[in-house]
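*Asks:* Got a structure here, written out as structure tokens. Questions coming.
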Amino acid sequence: MNLDFRPCAIIPSHNHARAVPEIIAALQARGLPVFVIDDGSDAKIRAALASLHDPINQISVVRLEPNLGKGAAVGHGFQLAMAAGYTHALQIDADGQHDLAALPALLRLAGEHRDALITGVPIYDRSVPLGRAIGRYVTHVWVWIETLSLQIGDSMCGFRIYPLVSVAKLYADGETVGRRMDFDTEIMVRLFWRGVLVIEHQVAVTYPAGNTSNFDLWGDNLRITAMHTRLFFGMLKRLPSILGRRSKQSRHWAWLTERGAYWGLRVWALAYRLLGRRVCLAIMSPVVLYFYLTGTEQRSASSDFLRRVHALKPGPSGAPGVLTGLRHFMSFAGRALDTFIGWVGDMPAEMIRPGKIDDLRVAEREARGALFIIAHLGNVDLARALLDEQTRQRLLILVHTRHAENYNRLLRDFRAEAAINTLQVTDLGPAAAMDLKARVEQGSWVVIAGDRVPVDSSRVVQVPFLGRDAPFSQGPYILGALLDCPVYTLFCVRQGDHFVLDVEKLADRIDLPRGNRDGAVRRYAEIFAQRLEHYALRNPLQWYNFFDFWNPGRKETRS
């Protein structure tokens, strides 16, 4: 491992030993030294844990007496890790709840983002107690208030990787951190206040049969209440600095955290099923207003885009202001609701009306597949939801869902087909491209977004868009050349009470000559950008790129 990334693992345990050997084996398979902190366990568990002590193989079992609490145990583990020269500490609970298959992804994220706190976001099965789920959601709401942000989706998961430099500064400055079940949330919020980036990754969580909970119903609930009181008044004390840092934020779109928790979306879906679309949107209005007021980056990006549209196509009501911005956010909420309605089968296929589809009919007749380039404008996903089954089976959607995991999970819960034929990507490598080529030969339609800058921001081409050069990804055109197939653009925009589907051929095949590869990519990107501008000028409130489209690669800062 790199000298500046030396992770270890900390397992706090109070009367849990059954799953610990399996956890240690998984950690050591990844080269992690392990500190097991026996937090005052009973004699039988104490003996079982002590038997695991194996310094030669970098397994240290340390006993605390008496029981001091989970936070104290992890804190003691931090001291041991820092004294041993480790840079990062992975915390994992000892009861076996967390899916160890997520471990490689957490380590990879920690290695790529050395200063960040990498944390699991639990995905529960039916074994989760209802009271526990409700209690977690209450804490989520308080954390959103205490951070003035929705960027922490779950603050209670005990499967996370800490940057020890930041942890050491936190403790050295005398910050209050809970010593029992109030620990996980409090340390995350306080690190967040200090500007530590929080990156989340979904982790499956089960409650094992016969699992013994260490949660003290009265004592820990009182401690958690006291913790939220501390954090709330701490937020008020830090309010100027928190708001100041928020105003300076700018991050790549791929790391913008999804705004909206899973259980909140479930409530929203229930409101639609009981009350219908119009009433549901009315109920959502205060939530949208909150997102508008607190979403500094999204609000700024919306305003910037709308001003550019107005400069090229002035509207009768003058320059866009707050009300236009709110309408833009409400349009996004309506798009999400329409997609949900389409996937659950409550929207007739006739809602999608054909526009420019002569080229689509040609593609339908071909046995070989094609590449479709789409944009985050309008509602292409609704068009997919309303397709006939045979056509939908041809689609292979390349997606980056880190910023929309809860919403996509909600769709899958109501209709499993929402997840069929989607391929999660951050960057396409040669192996993935060859697999896609084989699928195209068999008739698949590969769908890729052309209006998102890749994580590797060097792979872009600057082309004119809404009055100024903007970076567009080279990926669709390089992929198109590798697939050696026809390439189309596809847009689906709302017009009144229905949607119009337009499909136009961009090229019979993408040709990137070695002598002028960059120039060729630029020409294809210009065609796409011109078509995107055409639809954006006519449907500005259906533009859903809520990030700094013209400067997506600015240096990151964090509140």
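Chain identifiers are assigned as A, B, and so on, following the order in which chains appear in the structure tokens; residues are numbered from 1 within each chain, and ligands are numbered from 1 in order of appearance.
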Can you tell me, as a count of residues only, which residues in region 253-411 of chain A count as strand (DSSP E) by DSSP?
*Replies:* 13
*Asks:* Could you give me, as a PDB file with all heavy atoms, in the first residue's frame, the residues within 9 Å of Leu103 (chain A), counting only C-alpha atoms and dropping anything in the same chain fewer than 5 positions from it?
*Replies:*
```pdb
ATOM      1  N   ALA A  26     -12.206 -11.515   6.769  1.00  0.00           N
ATOM      2  CA  ALA A  26     -12.471 -10.649   5.615  1.00  0.00           C
ATOM      3  C   ALA A  26     -11.563  -9.426   5.629  1.00  0.00           C
ATOM      4  O   ALA A  26     -11.064  -8.987   4.583  1.00  0.00           O
ATOM      5  CB  ALA A  26     -13.935 -10.219   5.620  1.00  0.00           C
ATOM      6  N   LEU A  27     -11.315  -8.880   6.813  1.00  0.00           N
ATOM      7  CA  LEU A  27     -10.445  -7.710   6.924  1.00  0.00           C
ATOM      8  C   LEU A  27      -9.005  -8.063   6.578  1.00  0.00           C
ATOM      9  O   LEU A  27      -8.318  -7.328   5.850  1.00  0.00           O
ATOM     10  CB  LEU A  27     -10.525  -7.140   8.336  1.00  0.00           C
ATOM     11  CG  LEU A  27     -11.888  -6.588   8.779  1.00  0.00           C
ATOM     12  CD1 LEU A  27     -11.872  -6.240  10.266  1.00  0.00           C
ATOM     13  CD2 LEU A  27     -12.259  -5.360   7.957  1.00  0.00           C
ATOM     14  N   ARG A  30      -7.996  -8.380   3.018  1.00  0.00           N
ATOM     15  CA  ARG A  30      -7.734  -7.089   2.366  1.00  0.00           C
ATOM     16  C   ARG A  30      -6.482  -6.430   2.914  1.00  0.00           C
ATOM     17  O   ARG A  30      -6.231  -5.245   2.654  1.00  0.00           O
ATOM     18  CB  ARG A  30      -8.936  -6.165   2.552  1.00  0.00           C
ATOM     19  CG  ARG A  30     -10.171  -6.639   1.822  1.00  0.00           C
ATOM     20  CD  ARG A  30     -10.027  -6.440   0.335  1.00  0.00           C
ATOM     21  NE  ARG A  30     -10.998  -7.226  -0.425  1.00  0.00           N
ATOM     22  CZ  ARG A  30     -11.055  -7.242  -1.749  1.00  0.00           C
ATOM     23  NH1 ARG A  30     -10.184  -6.530  -2.445  1.00  0.00           N
ATOM     24  NH2 ARG A  30     -11.936  -7.990  -2.367  1.00  0.00           N
ATOM     25  N   ARG A 108     -11.556   1.333  -1.594  1.00  0.00           N
ATOM     26  CA  ARG A 108     -11.198   2.030  -2.833  1.00  0.00           C
ATOM     27  C   ARG A 108     -11.546   3.518  -2.721  1.00  0.00           C
ATOM     28  O   ARG A 108     -10.736   4.382  -3.081  1.00  0.00           O
ATOM     29  CB  ARG A 108     -11.934   1.412  -4.019  1.00  0.00           C
ATOM     30  CG  ARG A 108     -11.711   2.157  -5.338  1.00  0.00           C
ATOM     31  CD  ARG A 108     -12.491   1.526  -6.476  1.00  0.00           C
ATOM     32  NE  ARG A 108     -13.903   1.431  -6.191  1.00  0.00           N
ATOM     33  CZ  ARG A 108     -14.749   2.459  -6.291  1.00  0.00           C
ATOM     34  NH1 ARG A 108     -14.316   3.658  -6.659  1.00  0.00           N
ATOM     35  NH2 ARG A 108     -16.030   2.293  -6.038  1.00  0.00           N
TER      36      ARG A 108
END
```
*Asks:* Report as CSV the residues of region 459-541 of chain A within 9 Å of region 352-360 of chain A, each with its shortest atom pair and distance in Å (one decimal), using only C-alpha atoms, ordered by chain and increasing residue number.
*Replies:*
```
residue,atom,partner,partner_atom,distance
A:Tyr488,CA,A:Asp359,CA,8.2
A:Cys492,CA,A:Ile352,CA,8.2
A:Arg494,CA,A:Ile352,CA,8.9
A:His498,CA,A:Ile352,CA,6.3
A:Phe499,CA,A:Ile352,CA,4.8
A:Val500,CA,A:Arg353,CA,4.9
A:Leu501,CA,A:Pro354,CA,5.2
A:Asp502,CA,A:Lys356,CA,4.5
A:Val503,CA,A:Ile357,CA,5.2
A:Glu504,CA,A:Asp359,CA,5.7
A:Lys505,CA,A:Asp359,CA,6.1
```
*Asks:* Write a file of the just-selected residues containing all heavy atoms, as a tab-separated table (two decimals), in the first residue's frame.
*Replies:*
```tsv
chain	number	residue	atom	x	y	z
A	488	TYR	N	-27.71	7.87	-32.66
A	488	TYR	CA	-28.89	8.73	-32.69
A	488	TYR	C	-28.91	9.63	-31.45
A	488	TYR	O	-28.31	9.31	-30.42
A	488	TYR	CB	-30.17	7.89	-32.68
A	488	TYR	CG	-30.31	6.93	-33.83
A	488	TYR	CD1	-29.73	5.65	-33.77
A	488	TYR	CD2	-31.03	7.27	-34.98
A	488	TYR	CE1	-29.86	4.76	-34.83
A	488	TYR	CE2	-31.16	6.38	-36.04
A	488	TYR	CZ	-30.58	5.13	-35.96
A	488	TYR	OH	-30.71	4.24	-37.00
A	492	CYS	N	-37.17	13.56	-25.09
A	492	CYS	CA	-38.58	13.38	-24.76
A	492	CYS	C	-38.98	14.53	-23.83
A	492	CYS	O	-38.55	14.57	-22.67
A	492	CYS	CB	-38.81	12.03	-24.08
A	492	CYS	SG	-40.55	11.71	-23.65
A	494	ARG	N	-41.96	17.40	-22.25
A	494	ARG	CA	-43.38	17.63	-21.99
A	494	ARG	C	-43.86	18.83	-22.80
A	494	ARG	O	-43.21	19.89	-22.82
A	494	ARG	CB	-43.61	17.89	-20.50
A	494	ARG	CG	-45.06	18.24	-20.16
A	494	ARG	CD	-45.26	18.50	-18.68
A	494	ARG	NE	-45.49	17.28	-17.94
A	494	ARG	CZ	-46.67	16.66	-17.82
A	494	ARG	NH1	-47.73	17.16	-18.44
A	494	ARG	NH2	-46.79	15.57	-17.11
A	498	HIS	N	-49.00	16.24	-22.47
A	498	HIS	CA	-48.40	15.02	-23.02
A	498	HIS	C	-46.92	15.25	-23.26
A	498	HIS	O	-46.38	16.33	-22.99
A	498	HIS	CB	-49.10	14.63	-24.33
A	498	HIS	CG	-48.95	15.65	-25.43
A	498	HIS	ND1	-49.75	16.77	-25.53
A	498	HIS	CD2	-48.06	15.75	-26.46
A	498	HIS	CE1	-49.38	17.49	-26.57
A	498	HIS	NE2	-48.35	16.90	-27.14
A	499	PHE	N	-46.25	14.21	-23.73
A	499	PHE	CA	-44.81	14.26	-24.01
A	499	PHE	C	-44.58	13.96	-25.48
A	499	PHE	O	-45.31	13.16	-26.09
A	499	PHE	CB	-44.06	13.24	-23.15
A	499	PHE	CG	-44.12	13.52	-21.68
A	499	PHE	CD1	-45.22	13.12	-20.93
A	499	PHE	CD2	-43.08	14.18	-21.04
A	499	PHE	CE1	-45.30	13.37	-19.58
A	499	PHE	CE2	-43.14	14.43	-19.68
A	499	PHE	CZ	-44.25	14.03	-18.95
A	500	VAL	N	-43.56	14.59	-26.05
A	500	VAL	CA	-43.22	14.39	-27.46
A	500	VAL	C	-41.85	13.73	-27.54
A	500	VAL	O	-40.88	14.20	-26.92
A	500	VAL	CB	-43.22	15.72	-28.23
A	500	VAL	CG1	-42.74	15.50	-29.66
A	500	VAL	CG2	-44.62	16.33	-28.23
A	501	LEU	N	-41.76	12.66	-28.32
A	501	LEU	CA	-40.53	11.90	-28.49
A	501	LEU	C	-39.90	12.23	-29.84
A	501	LEU	O	-40.54	12.09	-30.87
A	501	LEU	CB	-40.82	10.40	-28.40
A	501	LEU	CG	-39.63	9.45	-28.56
A	501	LEU	CD1	-38.70	9.58	-27.36
A	501	LEU	CD2	-40.10	8.01	-28.72
A	502	ASP	N	-38.64	12.68	-29.80
A	502	ASP	CA	-37.89	12.98	-31.02
A	502	ASP	C	-36.63	12.13	-31.07
A	502	ASP	O	-35.86	12.10	-30.09
A	502	ASP	CB	-37.48	14.45	-31.07
A	502	ASP	CG	-38.65	15.38	-31.37
A	502	ASP	OD1	-39.68	14.89	-31.87
A	502	ASP	OD2	-38.53	16.59	-31.10
A	503	VAL	N	-36.39	11.45	-32.18
A	503	VAL	CA	-35.18	10.67	-32.40
A	503	VAL	C	-34.61	11.06	-33.75
A	503	VAL	O	-35.31	11.01	-34.76
A	503	VAL	CB	-35.46	9.15	-32.36
A	503	VAL	CG1	-34.18	8.38	-32.70
A	503	VAL	CG2	-35.98	8.73	-31.00
A	504	GLU	N	-33.34	11.48	-33.77
A	504	GLU	CA	-32.69	11.88	-35.02
A	504	GLU	C	-31.32	11.22	-35.12
A	504	GLU	O	-30.60	11.12	-34.11
A	504	GLU	CB	-32.52	13.40	-35.07
A	504	GLU	CG	-33.82	14.19	-35.08
A	504	GLU	CD	-33.56	15.69	-35.12
A	504	GLU	OE1	-33.32	16.22	-36.23
A	504	GLU	OE2	-33.57	16.31	-34.05
A	505	LYS	N	-30.98	10.80	-36.32
A	505	LYS	CA	-29.68	10.17	-36.53
A	505	LYS	C	-28.59	11.24	-36.46
A	505	LYS	O	-28.68	12.27	-37.12
A	505	LYS	CB	-29.63	9.44	-37.86
A	505	LYS	CG	-28.30	8.72	-38.10
A	505	LYS	CD	-28.32	7.91	-39.38
A	505	LYS	CE	-29.13	6.63	-39.22
A	505	LYS	NZ	-29.04	5.76	-40.42
```
*Asks:* Could you jot down the CA of Phe528 (chain A) to CA of Asp497 (chain A) separation for me, Å, one decimal place?
*Replies:*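 CA of Phe528 (chain A) sits 26.9 Å away from CA of Asp497 (chain A).
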*Asks:* Would you mind listing what lies within 12 Å of Ile510 (chain A) as a PyMOL selection string, with only C-alpha atoms counted and same-chain residues fewer than 5 positions away left out?
*Replies:* chain A and resi 370-371+474-488+505+517+520-525
*Asks:* Give one line per residue of region 341-402 of chain A that approaches region 539-547 of chain A to at most 8 Å, naming the two atoms of the closest pair and their distance in Å to one decimal, counting only C-alpha atoms; sort by chain then ascending residue number and deliver it as CSV.
*Replies:*
```
residue,atom,partner,partner_atom,distance
A:His376,CA,A:Tyr544,CA,5.4
A:Leu377,CA,A:Trp543,CA,4.5
A:Gly378,CA,A:Gln542,CA,5.1
```
*Asks:* Report as a PyMOL selection string all protein, DNA and RNA residues lying within 9 Å of Glu533 (chain A), evaluated on only C-alpha atoms, omitting residues in the same chain fewer than 5 positions from it.
*Replies:* chain A and resi 465-466+528+538
*Asks:* Keeping only all heavy atoms, write those residues as a PDB file, in the first residue's frame.
*Replies:*
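The result, written out as selection26.pdb:
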```
ATOM      1  N   PHE A 465     -22.149  26.341 -26.446  1.00  0.00           N
ATOM      2  CA  PHE A 465     -23.452  25.954 -25.908  1.00  0.00           C
ATOM      3  C   PHE A 465     -24.030  27.124 -25.122  1.00  0.00           C
ATOM      4  O   PHE A 465     -23.418  27.596 -24.164  1.00  0.00           O
ATOM      5  CB  PHE A 465     -23.316  24.723 -25.005  1.00  0.00           C
ATOM      6  CG  PHE A 465     -24.617  24.254 -24.417  1.00  0.00           C
ATOM      7  CD1 PHE A 465     -25.632  23.771 -25.233  1.00  0.00           C
ATOM      8  CD2 PHE A 465     -24.840  24.299 -23.053  1.00  0.00           C
ATOM      9  CE1 PHE A 465     -26.834  23.344 -24.698  1.00  0.00           C
ATOM     10  CE2 PHE A 465     -26.035  23.877 -22.498  1.00  0.00           C
ATOM     11  CZ  PHE A 465     -27.046  23.393 -23.326  1.00  0.00           C
ATOM     12  N   LEU A 466     -25.151  27.640 -25.565  1.00  0.00           N
ATOM     13  CA  LEU A 466     -25.836  28.765 -24.925  1.00  0.00           C
ATOM     14  C   LEU A 466     -24.909  29.957 -24.735  1.00  0.00           C
ATOM     15  O   LEU A 466     -24.846  30.570 -23.666  1.00  0.00           O
ATOM     16  CB  LEU A 466     -26.444  28.336 -23.594  1.00  0.00           C
ATOM     17  CG  LEU A 466     -27.607  27.334 -23.672  1.00  0.00           C
ATOM     18  CD1 LEU A 466     -28.113  26.989 -22.281  1.00  0.00           C
ATOM     19  CD2 LEU A 466     -28.747  27.890 -24.521  1.00  0.00           C
ATOM     20  N   PHE A 528     -24.391  17.392 -31.271  1.00  0.00           N
ATOM     21  CA  PHE A 528     -25.211  17.083 -30.101  1.00  0.00           C
ATOM     22  C   PHE A 528     -25.525  18.350 -29.313  1.00  0.00           C
ATOM     23  O   PHE A 528     -26.668  18.562 -28.880  1.00  0.00           O
ATOM     24  CB  PHE A 528     -24.498  16.073 -29.205  1.00  0.00           C
ATOM     25  CG  PHE A 528     -25.224  15.808 -27.922  1.00  0.00           C
ATOM     26  CD1 PHE A 528     -26.357  14.999 -27.897  1.00  0.00           C
ATOM     27  CD2 PHE A 528     -24.793  16.388 -26.734  1.00  0.00           C
ATOM     28  CE1 PHE A 528     -27.040  14.769 -26.718  1.00  0.00           C
ATOM     29  CE2 PHE A 528     -25.471  16.155 -25.549  1.00  0.00           C
ATOM     30  CZ  PHE A 528     -26.600  15.345 -25.540  1.00  0.00           C
ATOM     31  N   ARG A 538     -36.234  25.971 -25.895  1.00  0.00           N
ATOM     32  CA  ARG A 538     -37.694  25.838 -25.988  1.00  0.00           C
ATOM     33  C   ARG A 538     -38.328  25.263 -24.724  1.00  0.00           C
ATOM     34  O   ARG A 538     -39.527  25.445 -24.510  1.00  0.00           O
ATOM     35  CB  ARG A 538     -38.048  24.967 -27.201  1.00  0.00           C
ATOM     36  CG  ARG A 538     -37.865  25.713 -28.519  1.00  0.00           C
ATOM     37  CD  ARG A 538     -37.673  24.789 -29.698  1.00  0.00           C
ATOM     38  NE  ARG A 538     -37.527  25.559 -30.927  1.00  0.00           N
ATOM     39  CZ  ARG A 538     -36.410  26.218 -31.263  1.00  0.00           C
ATOM     40  NH1 ARG A 538     -35.365  26.181 -30.462  1.00  0.00           N
ATOM     41  NH2 ARG A 538     -36.358  26.903 -32.395  1.00  0.00           N
TER      42      ARG A 538
END
```
*Asks:* With distances taken over only C-alpha atoms, which of A:Ile24, A:Ala89, A:Ile448, A:Leu231 is nearest to Val189 (chain A)?
*Replies:*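 Closest to Val189 (chain A), using only C-alpha atoms: A:Leu231.
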*Asks:* Got a sec: who's within 9 Å of Arg308 (chain A), counting only C-alpha atoms, leaving out chain neighbours fewer than 5 positions off, as number ranges by chain?
*Replies:* A: 303, 313, 466-467
*Asks:* If you keep all heavy atoms, can you produce a file of those selected residues as a PDB file, in the first residue's frame?
*Replies:*
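Result file part-v4.pdb:
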```pdb
ATOM      1  N   SER A 303     -30.011  29.211 -11.600  1.00  0.00           N
ATOM      2  CA  SER A 303     -30.052  30.630 -11.935  1.00  0.00           C
ATOM      3  C   SER A 303     -29.122  30.951 -13.098  1.00  0.00           C
ATOM      4  O   SER A 303     -29.489  31.709 -14.019  1.00  0.00           O
ATOM      5  CB  SER A 303     -29.656  31.441 -10.696  1.00  0.00           C
ATOM      6  OG  SER A 303     -29.621  32.827 -10.991  1.00  0.00           O
ATOM      7  N   LYS A 313     -32.887  34.201 -25.516  1.00  0.00           N
ATOM      8  CA  LYS A 313     -34.309  34.165 -25.865  1.00  0.00           C
ATOM      9  C   LYS A 313     -35.095  34.859 -24.749  1.00  0.00           C
ATOM     10  O   LYS A 313     -35.668  34.203 -23.881  1.00  0.00           O
ATOM     11  CB  LYS A 313     -34.775  32.717 -26.040  1.00  0.00           C
ATOM     12  CG  LYS A 313     -36.185  32.582 -26.593  1.00  0.00           C
ATOM     13  CD  LYS A 313     -36.560  31.115 -26.735  1.00  0.00           C
ATOM     14  CE  LYS A 313     -37.983  30.970 -27.245  1.00  0.00           C
ATOM     15  NZ  LYS A 313     -38.393  29.539 -27.338  1.00  0.00           N
ATOM     16  N   LEU A 466     -25.151  27.640 -25.565  1.00  0.00           N
ATOM     17  CA  LEU A 466     -25.836  28.765 -24.925  1.00  0.00           C
ATOM     18  C   LEU A 466     -24.909  29.957 -24.735  1.00  0.00           C
ATOM     19  O   LEU A 466     -24.846  30.570 -23.666  1.00  0.00           O
ATOM     20  CB  LEU A 466     -26.444  28.336 -23.594  1.00  0.00           C
ATOM     21  CG  LEU A 466     -27.607  27.334 -23.672  1.00  0.00           C
ATOM     22  CD1 LEU A 466     -28.113  26.989 -22.281  1.00  0.00           C
ATOM     23  CD2 LEU A 466     -28.747  27.890 -24.521  1.00  0.00           C
ATOM     24  N   GLY A 467     -24.185  30.281 -25.784  1.00  0.00           N
ATOM     25  CA  GLY A 467     -23.414  31.515 -25.785  1.00  0.00           C
ATOM     26  C   GLY A 467     -22.011  31.431 -25.251  1.00  0.00           C
ATOM     27  O   GLY A 467     -21.308  32.446 -25.213  1.00  0.00           O
TER      28      GLY A 467
END
```
*Asks:* Given only C-alpha atoms as the basis, pick out the residue of A:Ala83, A:Ala25, A:Gln91, A:Asp154 nearest to Ile37 (chain A).
*Replies:* A:Gln91
*Asks:* Mind the document's chain letters and residue numbers, and return as a PyMOL selection string the residues of region 22-241 of chain A that DSSP labels alpha helix (DSSP H).
*Replies:* chain A and resi 22-29+43-50+70-83+103-112+130-147+164-172+183-193+217-237+239-241
*Asks:* Could you check the closest approach to Pro12 (chain A) for each of A:Ile123, A:Ala94, A:Met284, A:Leu326 and tell me which residue wins, using only C-alpha atoms?
*Replies:*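 Closest residue, counting only C-alpha atoms: A:Ala94.
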